[in-house]
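Colleague: Next comes the structure file upload-v3.txt, holding compact mmCIF, C-alpha atoms.
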# COMPACT_ATOMS: atom_id res chain seq x y z
CA MET A 1 -0.87 7.59 -34.58
CA LEU A 2 1.07 4.58 -35.83
CA PHE A 3 -2.17 2.80 -36.62
CA ILE A 4 -3.60 5.79 -38.51
CA GLY A 5 -0.32 5.97 -40.44
CA ILE A 6 -0.61 2.30 -41.43
CA CYS A 7 -4.18 2.94 -42.56
CA LEU A 8 -3.02 5.82 -44.77
CA VAL A 9 -0.20 3.74 -46.28
CA LEU A 10 -2.61 0.91 -47.07
CA THR A 11 -5.04 3.37 -48.66
CA LEU A 12 -2.28 4.88 -50.79
CA LYS A 13 -1.18 1.40 -51.84
CA ARG A 14 -4.69 0.67 -53.03
CA LEU A 15 -4.78 3.97 -54.95
CA LEU A 16 -1.47 3.27 -56.63
CA SER A 17 -2.49 -0.25 -57.59
CA GLY A 18 -5.39 1.29 -59.47
CA SER A 19 -8.12 -0.37 -57.44
CA LYS A 20 -11.11 1.60 -56.20
CA ILE A 21 -11.03 2.85 -52.61
CA ASP A 22 -13.19 0.71 -50.41
CA HIS A 23 -14.78 3.55 -48.42
CA LYS A 24 -16.60 1.21 -46.11
CA TRP A 25 -13.37 -0.58 -45.16
CA TYR A 26 -11.54 2.73 -44.65
CA ILE A 27 -14.24 4.20 -42.39
CA MET A 28 -14.42 0.98 -40.39
CA LYS A 29 -10.68 1.04 -39.72
CA GLN A 30 -10.81 4.71 -38.75
CA VAL A 31 -13.60 4.00 -36.24
CA GLU A 32 -11.60 1.07 -34.83
CA ALA A 33 -8.55 3.31 -34.40
CA ILE A 34 -10.55 5.99 -32.58
CA GLN A 35 -12.16 3.35 -30.35
CA LEU A 36 -8.76 1.83 -29.46
CA ARG A 37 -7.45 5.26 -28.57
CA LYS A 38 -10.46 6.08 -26.38
CA VAL A 39 -10.18 2.76 -24.52
CA ASN A 40 -6.44 3.18 -24.08
CA ASP A 41 -6.85 6.68 -22.63
CA PHE A 42 -9.44 5.37 -20.16
CA LEU A 43 -7.31 2.38 -19.16
CA CYS A 44 -4.26 4.62 -18.63
CA GLU A 45 -6.26 6.92 -16.33
CA PHE A 46 -7.68 3.90 -14.51
CA ALA A 47 -4.24 2.34 -13.99
CA ALA A 48 -2.77 5.66 -12.77
CA SER A 49 -5.59 6.03 -10.23
CA LEU A 50 -5.11 2.47 -8.98
CA SER A 51 -1.37 2.91 -8.69
CA GLY A 52 -1.69 6.30 -6.99
CA SER A 53 -4.04 4.79 -4.41
CA GLY A 54 -1.49 2.14 -3.44
CA ALA A 55 -2.76 -0.90 -5.35
CA THR A 56 -0.35 -3.76 -5.90
CA ALA A 57 1.11 -4.30 -9.37
CA ALA A 58 -0.84 -7.58 -9.65
CA GLN A 59 -4.13 -5.77 -9.01
CA ILE A 60 -3.33 -3.14 -11.68
CA ASP A 61 -2.26 -5.83 -14.14
CA GLN A 62 -5.37 -7.96 -13.66
CA SER A 63 -7.83 -5.05 -13.77
CA ILE A 64 -6.40 -3.58 -16.96
CA GLU A 65 -6.04 -6.94 -18.71
CA LYS A 66 -9.67 -7.85 -17.96
CA MET A 67 -11.04 -4.52 -19.16
CA GLY A 68 -8.73 -4.50 -22.18
CA HIS A 69 -10.08 -7.93 -23.15
CA VAL A 70 -13.67 -6.63 -23.03
CA TYR A 71 -13.18 -3.30 -24.83
CA ALA A 72 -10.46 -4.30 -27.31
CA GLY A 73 -8.68 -7.62 -27.71
CA GLU A 74 -5.68 -7.69 -25.44
CA ALA A 75 -3.89 -5.25 -23.13
CA ASP A 76 -0.20 -5.41 -22.21
CA VAL A 77 0.65 -3.46 -19.06
CA THR A 78 4.16 -2.30 -18.11
CA ILE A 79 4.46 -0.68 -14.68
CA LEU A 80 7.50 1.54 -14.30
CA PRO A 81 8.52 3.55 -11.22
CA SER A 82 7.13 6.84 -12.52
CA SER A 83 4.79 5.87 -15.35
CA ILE A 84 2.55 3.13 -16.72
CA LEU A 85 2.62 1.95 -20.34
CA ILE A 86 -0.38 0.21 -21.88
CA THR A 87 -0.40 -1.38 -25.33
CA LEU A 88 -3.85 -2.27 -26.59
CA TRP A 89 -4.39 -4.79 -29.39
CA ASP A 90 -7.55 -5.31 -31.42
CA LYS A 91 -9.38 -8.65 -31.44
CA GLU A 92 -7.59 -9.87 -34.59
CA HIS A 93 -4.23 -8.91 -33.05
CA GLU A 94 -3.40 -6.94 -36.20
CA ASN A 95 -3.39 -3.35 -34.97
CA SER A 96 -2.27 -1.84 -31.71
CA TYR A 97 -2.32 1.47 -29.85
CA ALA A 98 0.22 2.33 -27.16
CA GLY A 99 -0.17 4.97 -24.50
CA SER A 100 1.55 6.00 -21.29
CA ILE A 101 0.63 8.04 -18.24
CA LYS A 102 2.59 9.54 -15.36
CA MET A 103 1.91 8.16 -11.88
CA LYS A 104 -0.23 10.41 -9.70
CA SER A 105 0.42 9.86 -6.02
CA LYS A 106 -2.78 10.72 -4.16
CA GLY A 107 -2.00 8.94 -0.91
CA LEU A 108 -3.12 5.49 0.14
CA ASN A 109 -6.82 4.91 -0.51
CA PHE A 110 -8.06 1.33 -0.03
CA ASN A 111 -11.65 2.43 -0.55
CA MET A 112 -10.83 3.61 -4.06
CA ILE A 113 -8.88 0.42 -4.81
CA ILE A 114 -11.90 -1.70 -3.81
CA LYS A 115 -14.31 0.35 -5.92
CA LEU A 116 -12.02 0.44 -8.97
CA CYS A 117 -11.45 -3.32 -8.72
CA GLN A 118 -15.21 -3.83 -8.44
CA LEU A 119 -15.73 -1.65 -11.51
CA SER A 120 -13.21 -3.68 -13.51
CA CYS A 121 -15.01 -6.87 -12.48
CA LYS A 122 -18.33 -5.35 -13.41
CA VAL A 123 -16.95 -4.48 -16.84
CA ASP A 124 -15.65 -8.03 -17.19
CA SER A 125 -18.78 -9.86 -16.05
CA CYS A 126 -21.50 -7.55 -17.40
CA ALA A 127 -19.70 -6.15 -20.49
CA LEU A 128 -20.49 -2.62 -19.31
CA PRO A 129 -20.44 -0.05 -22.17
CA LEU A 130 -17.37 2.20 -22.18
CA ALA A 131 -19.35 5.42 -21.60
CA GLU A 132 -21.00 3.94 -18.48
CA ALA A 133 -17.66 2.65 -17.17
CA VAL A 134 -16.06 6.10 -17.65
CA ALA A 135 -18.99 7.77 -15.83
CA GLU A 136 -18.70 5.32 -12.91
CA TYR A 137 -14.93 5.79 -12.81
CA LYS A 138 -15.31 9.58 -12.56
CA GLU A 139 -17.82 9.11 -9.75
CA ILE A 140 -15.40 6.86 -7.81
CA VAL A 141 -12.44 9.20 -8.26
CA ALA A 142 -14.48 12.19 -7.07
CA GLN A 143 -15.39 10.51 -3.76
CA LYS A 144 -13.99 12.16 -0.66
CA LYS A 145 -11.66 10.46 1.82
CA MET A 146 -12.55 9.68 5.43
CA ASN A 147 -13.02 12.60 7.82
CA SER A 148 -9.56 13.91 8.71
CA VAL A 149 -10.40 14.40 12.42
CA ALA A 150 -11.55 10.77 12.71
CA VAL A 151 -8.35 9.61 10.99
CA LEU A 152 -6.27 11.76 13.36
CA LEU A 153 -7.94 10.32 16.46
CA LEU A 154 -7.82 6.73 15.21
CA SER A 155 -4.15 6.97 14.28
CA GLY A 156 -3.36 8.48 17.68
CA LEU A 157 -5.12 5.59 19.41
CA ALA A 158 -3.37 3.11 17.13
CA ASN A 159 0.08 4.43 18.00
CA ALA A 160 -0.81 4.56 21.71
CA SER A 161 -1.84 0.88 21.44
CA PHE A 162 1.51 0.18 19.83
CA CYS A 163 3.26 1.78 22.80
CA ARG A 164 1.35 -0.51 25.18
CA LEU A 165 2.13 -3.55 22.98
CA PHE A 166 5.83 -2.72 23.34
CA GLY A 167 5.48 -2.59 27.14
CA GLY A 168 5.03 1.13 27.79
CA ASP A 169 3.30 2.20 31.03
CA ILE A 170 0.11 4.32 31.12
CA TYR A 171 2.05 7.62 31.19
CA ALA A 172 4.08 6.55 28.17
CA VAL A 173 0.83 5.62 26.39
CA ILE A 174 -0.65 9.09 27.08
CA ILE A 175 2.57 10.81 25.97
CA VAL A 176 2.59 8.79 22.73
CA LEU A 177 -1.08 9.61 22.10
CA VAL A 178 -0.43 13.36 22.40
CA ALA A 179 2.82 13.15 20.40
CA THR A 180 1.09 11.24 17.58
CA LEU A 181 -1.87 13.63 17.45
CA CYS A 182 0.47 16.64 17.15
CA GLY A 183 2.92 15.00 14.73
CA PHE A 184 0.22 13.57 12.46
CA TYR A 185 -1.69 16.86 12.41
CA TRP A 186 1.44 18.73 11.32
CA LYS A 187 2.36 16.10 8.77
CA ASN A 188 -1.06 16.48 7.11
CA LYS A 189 -0.93 20.26 7.39
CA LEU A 190 2.54 20.44 5.81
CA HIS A 191 2.07 17.83 3.08
CA ALA A 192 -1.62 18.05 2.15
CA GLY A 193 -2.20 21.68 3.14
CA LEU A 194 1.02 23.49 2.26
CA HIS A 195 2.15 20.93 -0.40
CA ILE A 196 5.56 20.48 1.22
CA ASP A 197 7.52 17.45 0.02
CA ILE A 198 6.50 14.26 1.85
CA ARG A 199 10.11 13.58 2.96
CA LEU A 200 10.52 16.98 4.55
CA ALA A 201 7.04 16.70 6.12
CA THR A 202 8.04 13.30 7.57
CA ILE A 203 11.26 14.71 9.06
CA LEU A 204 9.37 17.61 10.70
CA ALA A 205 6.47 15.42 11.93
CA SER A 206 8.91 12.89 13.37
CA CYS A 207 10.86 15.68 15.06
CA ILE A 208 7.69 17.20 16.58
CA SER A 209 6.44 13.81 17.85
CA ALA A 210 9.84 12.89 19.29
CA ILE A 211 10.24 16.28 21.05
CA ILE A 212 6.84 15.86 22.73
CA SER A 213 7.61 12.24 23.66
CA CYS A 214 10.86 13.38 25.32
CA SER A 215 8.67 14.85 28.10
CA GLY A 216 8.93 11.46 29.81
CA TYR A 217 12.67 12.09 30.22
CA VAL A 218 12.43 15.82 30.88
CA PHE A 219 9.69 15.77 33.53
CA ASN A 220 10.46 12.24 34.76
CA ILE A 221 6.80 11.21 34.52
CA SER A 222 7.13 7.72 33.09
CA SER A 223 9.05 4.60 34.05
CA THR A 224 9.41 3.70 30.34
CA PRO A 225 10.40 6.98 28.63
CA ASP A 226 12.59 5.14 26.09
CA ILE A 227 9.57 3.17 24.82
CA ALA A 228 7.58 6.41 24.56
CA VAL A 229 10.29 8.03 22.41
CA GLY A 230 10.76 4.90 20.27
CA THR A 231 7.08 4.28 19.56
CA SER A 232 6.05 7.94 19.15
CA VAL A 233 7.32 7.95 15.54
CA LEU A 234 6.15 4.48 14.49
CA TYR A 235 2.96 5.84 12.87
CA LEU A 236 5.27 7.25 10.19
CA ILE A 237 6.65 3.81 9.23
CA PRO A 238 5.35 3.20 5.68
CA GLY A 239 3.86 -0.23 6.38
CA VAL A 240 1.67 -0.59 3.28
CA PRO A 241 4.47 0.36 0.82
CA TYR A 242 6.75 -2.23 2.49
CA ILE A 243 4.05 -4.92 2.14
CA ASN A 244 3.27 -3.83 -1.43
CA SER A 245 6.92 -3.96 -2.46
CA LEU A 246 7.33 -7.53 -1.22
CA HIS A 247 3.97 -8.46 -2.79
CA ASP A 248 5.13 -7.06 -6.14
CA ALA A 249 8.44 -8.95 -5.87
CA ILE A 250 6.54 -12.22 -5.31
CA HIS A 251 4.45 -11.52 -8.42
CA ASN A 252 7.58 -10.86 -10.54
CA HIS A 253 7.12 -7.07 -10.79
CA HIS A 254 10.70 -6.49 -9.67
CA VAL A 255 11.17 -2.93 -10.99
CA CYS A 256 8.00 -1.77 -9.25
CA ALA A 257 8.95 -3.71 -6.10
CA PHE A 258 12.40 -2.13 -5.92
CA SER A 259 11.02 1.36 -6.53
CA ARG A 260 8.41 1.00 -3.77
CA PHE A 261 10.95 -0.49 -1.37
CA MET A 262 13.33 2.42 -1.94
CA GLN A 263 10.53 4.96 -1.41
CA ALA A 264 9.59 3.26 1.87
CA LEU A 265 13.25 3.11 2.91
CA VAL A 266 13.74 6.83 2.24
CA LEU A 267 10.70 7.65 4.41
CA THR A 268 12.07 5.43 7.19
CA MET A 269 15.38 7.29 6.95
CA CYS A 270 13.54 10.63 7.16
CA LEU A 271 11.79 9.38 10.29
CA GLY A 272 15.16 8.53 11.83
CA ILE A 273 16.61 11.93 10.91
CA GLY A 274 13.66 13.68 12.59
CA LEU A 275 14.10 11.57 15.70
CA ALA A 276 17.85 12.26 15.83
CA LEU A 277 17.19 16.00 15.46
CA ALA A 278 14.71 15.90 18.35
CA VAL A 279 17.15 14.05 20.61
CA MET A 280 19.86 16.61 19.77
CA ILE A 281 17.49 19.54 20.43
CA MET A 282 16.28 18.10 23.73
CA ASN A 283 19.83 17.07 24.68
CA ILE A 284 18.79 13.75 26.25
CA ALA A 285 20.99 10.66 26.54
CA TYR A 286 18.85 8.52 24.25
CA PHE A 287 21.41 7.33 21.70
CA MET B 1 -5.40 -16.64 33.85
CA ASP B 2 -2.56 -14.14 33.45
CA LEU B 3 -1.77 -15.58 30.05
CA LEU B 4 -5.40 -15.30 28.99
CA LEU B 5 -5.56 -11.66 30.11
CA ALA B 6 -2.28 -10.87 28.38
CA LEU B 7 -3.56 -12.59 25.24
CA LEU B 8 -6.81 -10.63 25.35
CA GLU B 9 -4.98 -7.37 25.88
CA ASP B 10 -2.71 -8.20 22.93
CA GLY B 11 -5.70 -8.94 20.71
CA VAL B 12 -7.60 -5.77 21.64
CA LEU B 13 -4.55 -3.52 21.21
CA ALA B 14 -3.72 -5.13 17.86
CA ALA B 15 -7.33 -4.55 16.71
CA VAL B 16 -7.15 -0.85 17.70
CA ALA B 17 -3.77 -0.50 15.96
CA SER B 18 -5.08 -2.20 12.81
CA VAL B 19 -8.18 0.00 12.56
CA GLY B 20 -6.16 3.14 13.35
CA PHE B 21 -3.40 2.49 10.83
CA GLY B 22 -6.04 1.23 8.35
CA SER B 23 -7.86 4.55 8.61
CA ILE B 24 -4.71 6.32 7.38
CA SER B 25 -5.01 4.16 4.24
CA ASN B 26 -8.72 5.10 3.96
CA VAL B 27 -10.06 1.59 4.56
CA PRO B 28 -13.88 1.77 4.28
CA TYR B 29 -15.86 1.82 7.55
CA ARG B 30 -17.54 -1.50 6.76
CA ALA B 31 -14.13 -3.19 6.56
CA PHE B 32 -13.08 -2.07 10.06
CA ALA B 33 -14.67 -5.04 11.83
CA GLY B 34 -13.02 -7.52 9.46
CA CYS B 35 -9.62 -5.83 9.85
CA ALA B 36 -9.94 -5.84 13.66
CA ILE B 37 -10.89 -9.56 13.82
CA LEU B 38 -8.14 -10.63 11.43
CA SER B 39 -5.55 -8.50 13.16
CA SER B 40 -6.49 -9.79 16.63
CA ALA B 41 -6.38 -13.40 15.47
CA GLY B 42 -2.99 -12.90 13.82
CA HIS B 43 -1.39 -10.96 16.65
CA MET B 44 -2.69 -13.31 19.36
CA THR B 45 -1.34 -16.29 17.41
CA ARG B 46 2.05 -14.62 17.13
CA TYR B 47 2.02 -13.77 20.84
CA MET B 48 1.19 -17.38 21.75
CA LEU B 49 3.85 -18.83 19.47
CA MET B 50 6.56 -16.47 20.69
CA ASN B 51 5.80 -16.27 24.40
CA VAL B 52 4.32 -19.71 25.15
CA LEU B 53 5.98 -22.00 22.63
CA GLY B 54 9.18 -19.95 22.32
CA ILE B 55 9.16 -19.92 18.53
CA HIS B 56 11.40 -17.40 16.74
CA ILE B 57 9.73 -14.18 15.54
CA LEU B 58 10.20 -15.19 11.88
CA GLY B 59 8.30 -18.47 12.26
CA ALA B 60 5.65 -16.87 14.47
CA ALA B 61 5.11 -13.99 12.03
CA PHE B 62 4.79 -16.46 9.15
CA VAL B 63 2.15 -18.59 10.91
CA ALA B 64 0.22 -15.48 12.03
CA ALA B 65 0.26 -14.04 8.50
CA LEU B 66 -0.82 -17.42 7.10
CA LEU B 67 -3.79 -17.40 9.47
CA ILE B 68 -4.69 -13.84 8.41
CA GLY B 69 -4.42 -14.89 4.77
CA LEU B 70 -6.63 -17.96 5.34
CA LEU B 71 -9.28 -15.92 7.16
CA SER B 72 -9.19 -13.10 4.60
CA VAL B 73 -10.32 -15.44 1.78
CA PRO B 74 -13.85 -16.23 3.10
CA VAL B 75 -14.23 -12.70 4.53
CA ALA B 76 -13.33 -11.18 1.15
CA LYS B 77 -15.67 -13.56 -0.67
CA PHE B 78 -18.51 -12.62 1.67
CA TRP B 79 -18.03 -8.86 1.21
CA HIS B 80 -16.99 -9.05 -2.47
CA VAL B 81 -13.75 -7.16 -1.99
CA PRO B 82 -10.14 -8.17 -2.66
CA PRO B 83 -8.62 -10.11 0.29
CA GLU B 84 -5.80 -7.55 0.43
CA THR B 85 -8.31 -4.99 1.73
CA TYR B 86 -8.55 -6.91 4.98
CA SER B 87 -5.24 -8.69 5.16
CA PHE B 88 -2.92 -5.71 4.58
CA PRO B 89 -4.32 -3.48 7.36
CA ALA B 90 -4.44 -6.57 9.61
CA LEU B 91 -0.72 -7.07 8.98
CA LEU B 92 0.16 -3.47 9.90
CA PRO B 93 0.48 -4.05 13.70
CA MET B 94 2.96 -6.84 12.93
CA ILE B 95 5.13 -4.64 10.68
CA PRO B 96 8.55 -4.71 12.37
CA GLY B 97 8.55 -0.97 12.99
CA MET B 98 10.96 -1.33 15.89
CA TYR B 99 13.47 -3.21 13.73
CA ALA B 100 13.16 -0.56 11.00
CA TYR B 101 13.57 2.17 13.57
CA ARG B 102 16.54 0.43 15.26
CA THR B 103 18.18 0.06 11.84
CA VAL B 104 18.14 3.83 11.42
CA GLU B 105 19.13 4.33 15.06
CA SER B 106 22.20 2.07 14.65
CA LEU B 107 23.15 3.91 11.47
CA ILE B 108 23.05 7.23 13.35
CA LYS B 109 25.14 5.69 16.15
CA CYS B 110 27.66 4.45 13.56
CA VAL B 111 28.09 7.99 12.29
CA ALA B 112 28.19 9.46 15.81
CA ASN B 113 30.86 7.00 17.08
CA PRO B 114 34.08 7.12 15.05
CA ASP B 115 35.82 4.70 17.47
CA GLU B 116 36.53 1.45 15.54
CA SER B 117 35.15 -1.07 18.03
CA GLU B 118 31.95 0.92 18.61
CA PHE B 119 31.58 1.49 14.88
CA VAL B 120 31.85 -2.26 14.21
CA HIS B 121 29.35 -3.01 16.98
CA TYR B 122 26.78 -0.56 15.62
CA SER B 123 27.44 -1.79 12.06
CA TYR B 124 26.54 -5.26 13.28
CA LEU B 125 23.36 -3.92 14.91
CA PHE B 126 22.51 -2.06 11.71
CA ASP B 127 22.93 -5.22 9.59
CA TYR B 128 21.05 -7.41 12.04
CA ASN B 129 18.06 -5.08 12.36
CA ALA B 130 17.89 -4.39 8.62
CA VAL B 131 18.01 -8.11 7.74
CA MET B 132 15.42 -8.96 10.39
CA CYS B 133 13.11 -6.17 9.22
CA VAL B 134 13.22 -7.29 5.57
CA MET B 135 12.91 -10.99 6.47
CA ILE B 136 9.91 -10.44 8.76
CA VAL B 137 8.04 -8.40 6.12
CA ALA B 138 8.94 -11.03 3.50
CA VAL B 139 7.64 -14.01 5.51
CA MET B 140 4.52 -12.04 6.42
CA VAL B 141 3.75 -11.26 2.78
CA ILE B 142 4.49 -14.86 1.72
CA GLY B 143 2.20 -16.10 4.50
CA VAL B 144 -0.64 -13.79 3.54
CA VAL B 145 -0.35 -14.41 -0.21
CA MET B 146 -0.08 -18.23 0.01
CA PRO B 147 -3.79 -18.92 0.77
CA VAL B 148 -4.88 -16.58 -2.03
CA VAL B 149 -2.64 -18.44 -4.48
CA MET B 150 -3.72 -21.84 -3.11
CA PHE B 151 -7.43 -21.07 -3.39
CA GLY B 152 -7.24 -20.05 -7.03
CA LYS B 153 -8.26 -16.68 -8.28
CA VAL B 154 -10.17 -15.64 -5.20
CA SER B 155 -8.15 -12.45 -5.03
CA TYR B 156 -9.88 -11.51 -8.24
CA TRP B 157 -13.31 -12.49 -7.08
CA PRO B 158 -16.16 -12.96 -9.53
CA VAL B 159 -18.83 -10.27 -9.16
CA LYS B 160 -22.38 -11.26 -9.88
CA LYS B 161 -24.50 -8.65 -11.64
CA ASP B 162 -27.15 -8.53 -8.91
CA LYS B 163 -24.57 -8.03 -6.16
CA ILE B 164 -22.99 -4.94 -7.62
CA LYS B 165 -24.19 -1.79 -5.94
Just give me the structure of the file as structure tokens.
Modeller:
Amino acid sequence: MLFIGICLVLTLKRLLSGSKIDHKWYIMKQVEAIQLRKVNDFLCEFAASLSGSGATAAQIDQSIEKMGHVYAGEADVTILPSSILITLWDKEHENSYAGSIKMKSKGLNFNMIIKLCQLSCKVDSCALPLAEAVAEYKEIVAQKKMNSVAVLLLSGLANASFCRLFGGDIYAVIIVLVATLCGFYWKNKLHAGLHIDIRLATILASCISAIISCSGYVFNISSTPDIAVGTSVLYLIPGVPYINSLHDAIHNHHVCAFSRFMQALVLTMCLGIGLALAVMIMNIAYF
Amino acid sequence: MDLLLALLEDGVLAAVASVGFGSISNVPYRAFAGCAILSSAGHMTRYMLMNVLGIHILGAAFVAALLIGLLSVPVAKFWHVPPETYSFPALLPMIPGMYAYRTVESLIKCVANPDESEFVHYSYLFDYNAVMCVMIVAVMVIGVVMPVVMFGKVSYWPVKKDKIK
């Protein structure tokens, strides 16, 4: 809008000075403005998808800068906790277009990050036309995630492995496997299915897992019931956000780093609250 | 022999944990093998350093993460994906979940025990676990990022036209 306004002012100035309107120049500038806007809209969507999938700030920065260089002249990216701002400059660095987009949290998706990064590289190395890049982007975003049953089983096995790594016996491992399968299923059901807030879903999932893992104490079936209770909720620890936050801090994206760290910390607190609730409900001498 | 078996068990369990936690982050199927190998190598190195050489968890985590970072560079170049795709899921089994969990546990105990001496004790535990948790994640990330920084812009790998599917 600012750019179109400048164009109008310049046109008026020419009219007032008595010179003839250079129609060709005017149309060219209008086309440039529309092109900048189109590119900016695409880059904003692209950045929001990357961020929502759990990409690091450095990955978002690099992808957008490379594509901005191909389609316009230069792109400045500002990543804030809840939105992304992109300012696009033309090749002469005379005119700019600024746009912003709200973050869309779609859950961690490394597959999407890989494909979006590959698309940005393809744009950079092959100078892919904008229309083709947009079509490919839409294709990538529409792709489905991994089968939820497979994810459930794999995460259950992963947490059971964790229990063994921490020295749990075979009964504790089985208890943790069952507790994780139930807790993770309910977390997905509550958050993805019923759209309940992720923090509340984490508290409930942690509580469910911890209650099931208390069976080691209740039925006296394991020699390491404390390890079973402790590790049964570890699948809820937000590992990738913790890594991302430190990664962002190293790359000087401190606002983004702090925001991600706080989000991860809140989820860890929710996990603890769920565990404490379970221990209180089961009335075991765990704490 | 016992050490070898323990080391093997550690590697296999870390690989399972890496693939399992990676699947929550929707890591593509073709990256599973890479994640498992990197995770096993890292976790076994940490196990060796901590249990055989008696190195502190911070140093051991740093060396293990450095190894994961070093291995992720050629693996990522081979598959034409960012190194983070392999290195981050491989780091997940080394995330100090127990320290994070004990931090919250000590905080709950602080609230539950109004007695001054117990409160001070659990405050100390809270501080210790929180600091350890942050420090371990920090050294792990530094370790994994260092090779990528050292070997130039490999993290933003060049994609040849004929290799793009």
Colleague: I'd like the neighbourhood of stretch 246-259 of chain A as a list in words, where a residue qualifies if any of its atoms comes within 7 Å (using all atoms listed in the file), though same-chain residues fewer than 2 positions away should be ignored.
Modeller: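 Once the nearby chain positions are removed, what remains is Thr56, Ala57, Ala58, Ile79, Leu80, Pro81, Tyr242, Ile243, Asn244, Phe261, Met262 and Gln263 of chain A; Ala138 and Val141 of chain B.
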Colleague: Set the distance at 6 Å and use only C-alpha atoms: which residues neighbour B:Ser40 once local chain neighbours fewer than 6 positions away are removed? I'd like the list as a list in words.
Modeller: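 The residues that qualify are Gly11, Ala14 and Ala15 of chain B.
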Colleague: Of the candidates B:Val63, B:Ala41, B:Ile24, B:Met1, which one gets nearest to chain A if we count all atoms listed in the file?
Modeller: B:Ile24
Colleague: Quick check, in Å to one decimal: how far apart do atom CA of B:Gly20 and atom CA of A:Leu165 lie?
Modeller: 14.4 Å
Colleague: As a short mmCIF file (atom, residue, chain, number, x, y, z; two decimals) with C-alpha atoms, keeping the file's coordinate frame, could you give me every residue of chain A near chain B (at most 6 Å apart, counting all atoms listed in the file)?
Modeller:
data_model
loop_
_atom_site.label_atom_id
_atom_site.label_comp_id
_atom_site.auth_asym_id
_atom_site.auth_seq_id
_atom_site.Cartn_x
_atom_site.Cartn_y
_atom_site.Cartn_z
CA LEU A 108 -3.12 5.49 0.14
CA ASN A 109 -6.82 4.91 -0.51
CA PHE A 110 -8.06 1.33 -0.03
CA ASN A 111 -11.65 2.43 -0.55
CA VAL A 151 -8.35 9.61 10.99
CA LEU A 154 -7.82 6.73 15.21
CA SER A 155 -4.15 6.97 14.28
CA ALA A 158 -3.37 3.11 17.13
CA SER A 161 -1.84 0.88 21.44
CA GLY A 272 15.16 8.53 11.83
#
Colleague: Please measure the separation of atom CA of A:Ile227 and atom CA of B:Asn51, giving the value in Å to one decimal.
Modeller: 19.8 Å
Colleague: The centre and edge lengths of an axis-aligned box containing all atoms of stretch 89-95 of chain A present in the file, extended by 3 Å on each side, are to be given in Å to one decimal, as JSON.
Modeller:
{"center_x": -6.4, "center_y": -6.6, "center_z": -32.8, "size_x": 12.0, "size_y": 12.5, "size_z": 12.8}
Colleague: Neighbourhood query: residues within 12 Å of (17.8, 13.1, 7.3), file coordinates, counting all atoms listed in the file; return as a list in words.
Modeller: Arg199, Leu200, Ala201, Thr202, Ile203, Leu204, Ser206, Cys207, Leu265, Val266, Leu267, Thr268, Met269, Cys270, Leu271, Gly272, Ile273, Gly274, Leu275, Ala276, Leu277 and Ala278 of chain A; Val104, Glu105, Leu107 and Ile108 of chain B
Colleague: Could you please determine the separation between atom CA of B:Phe119 and atom CA of B:His56 in Å, to one decimal place?
Modeller: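 Going from atom CA of B:Phe119 over to atom CA of B:His56, I get 27.7 Å.
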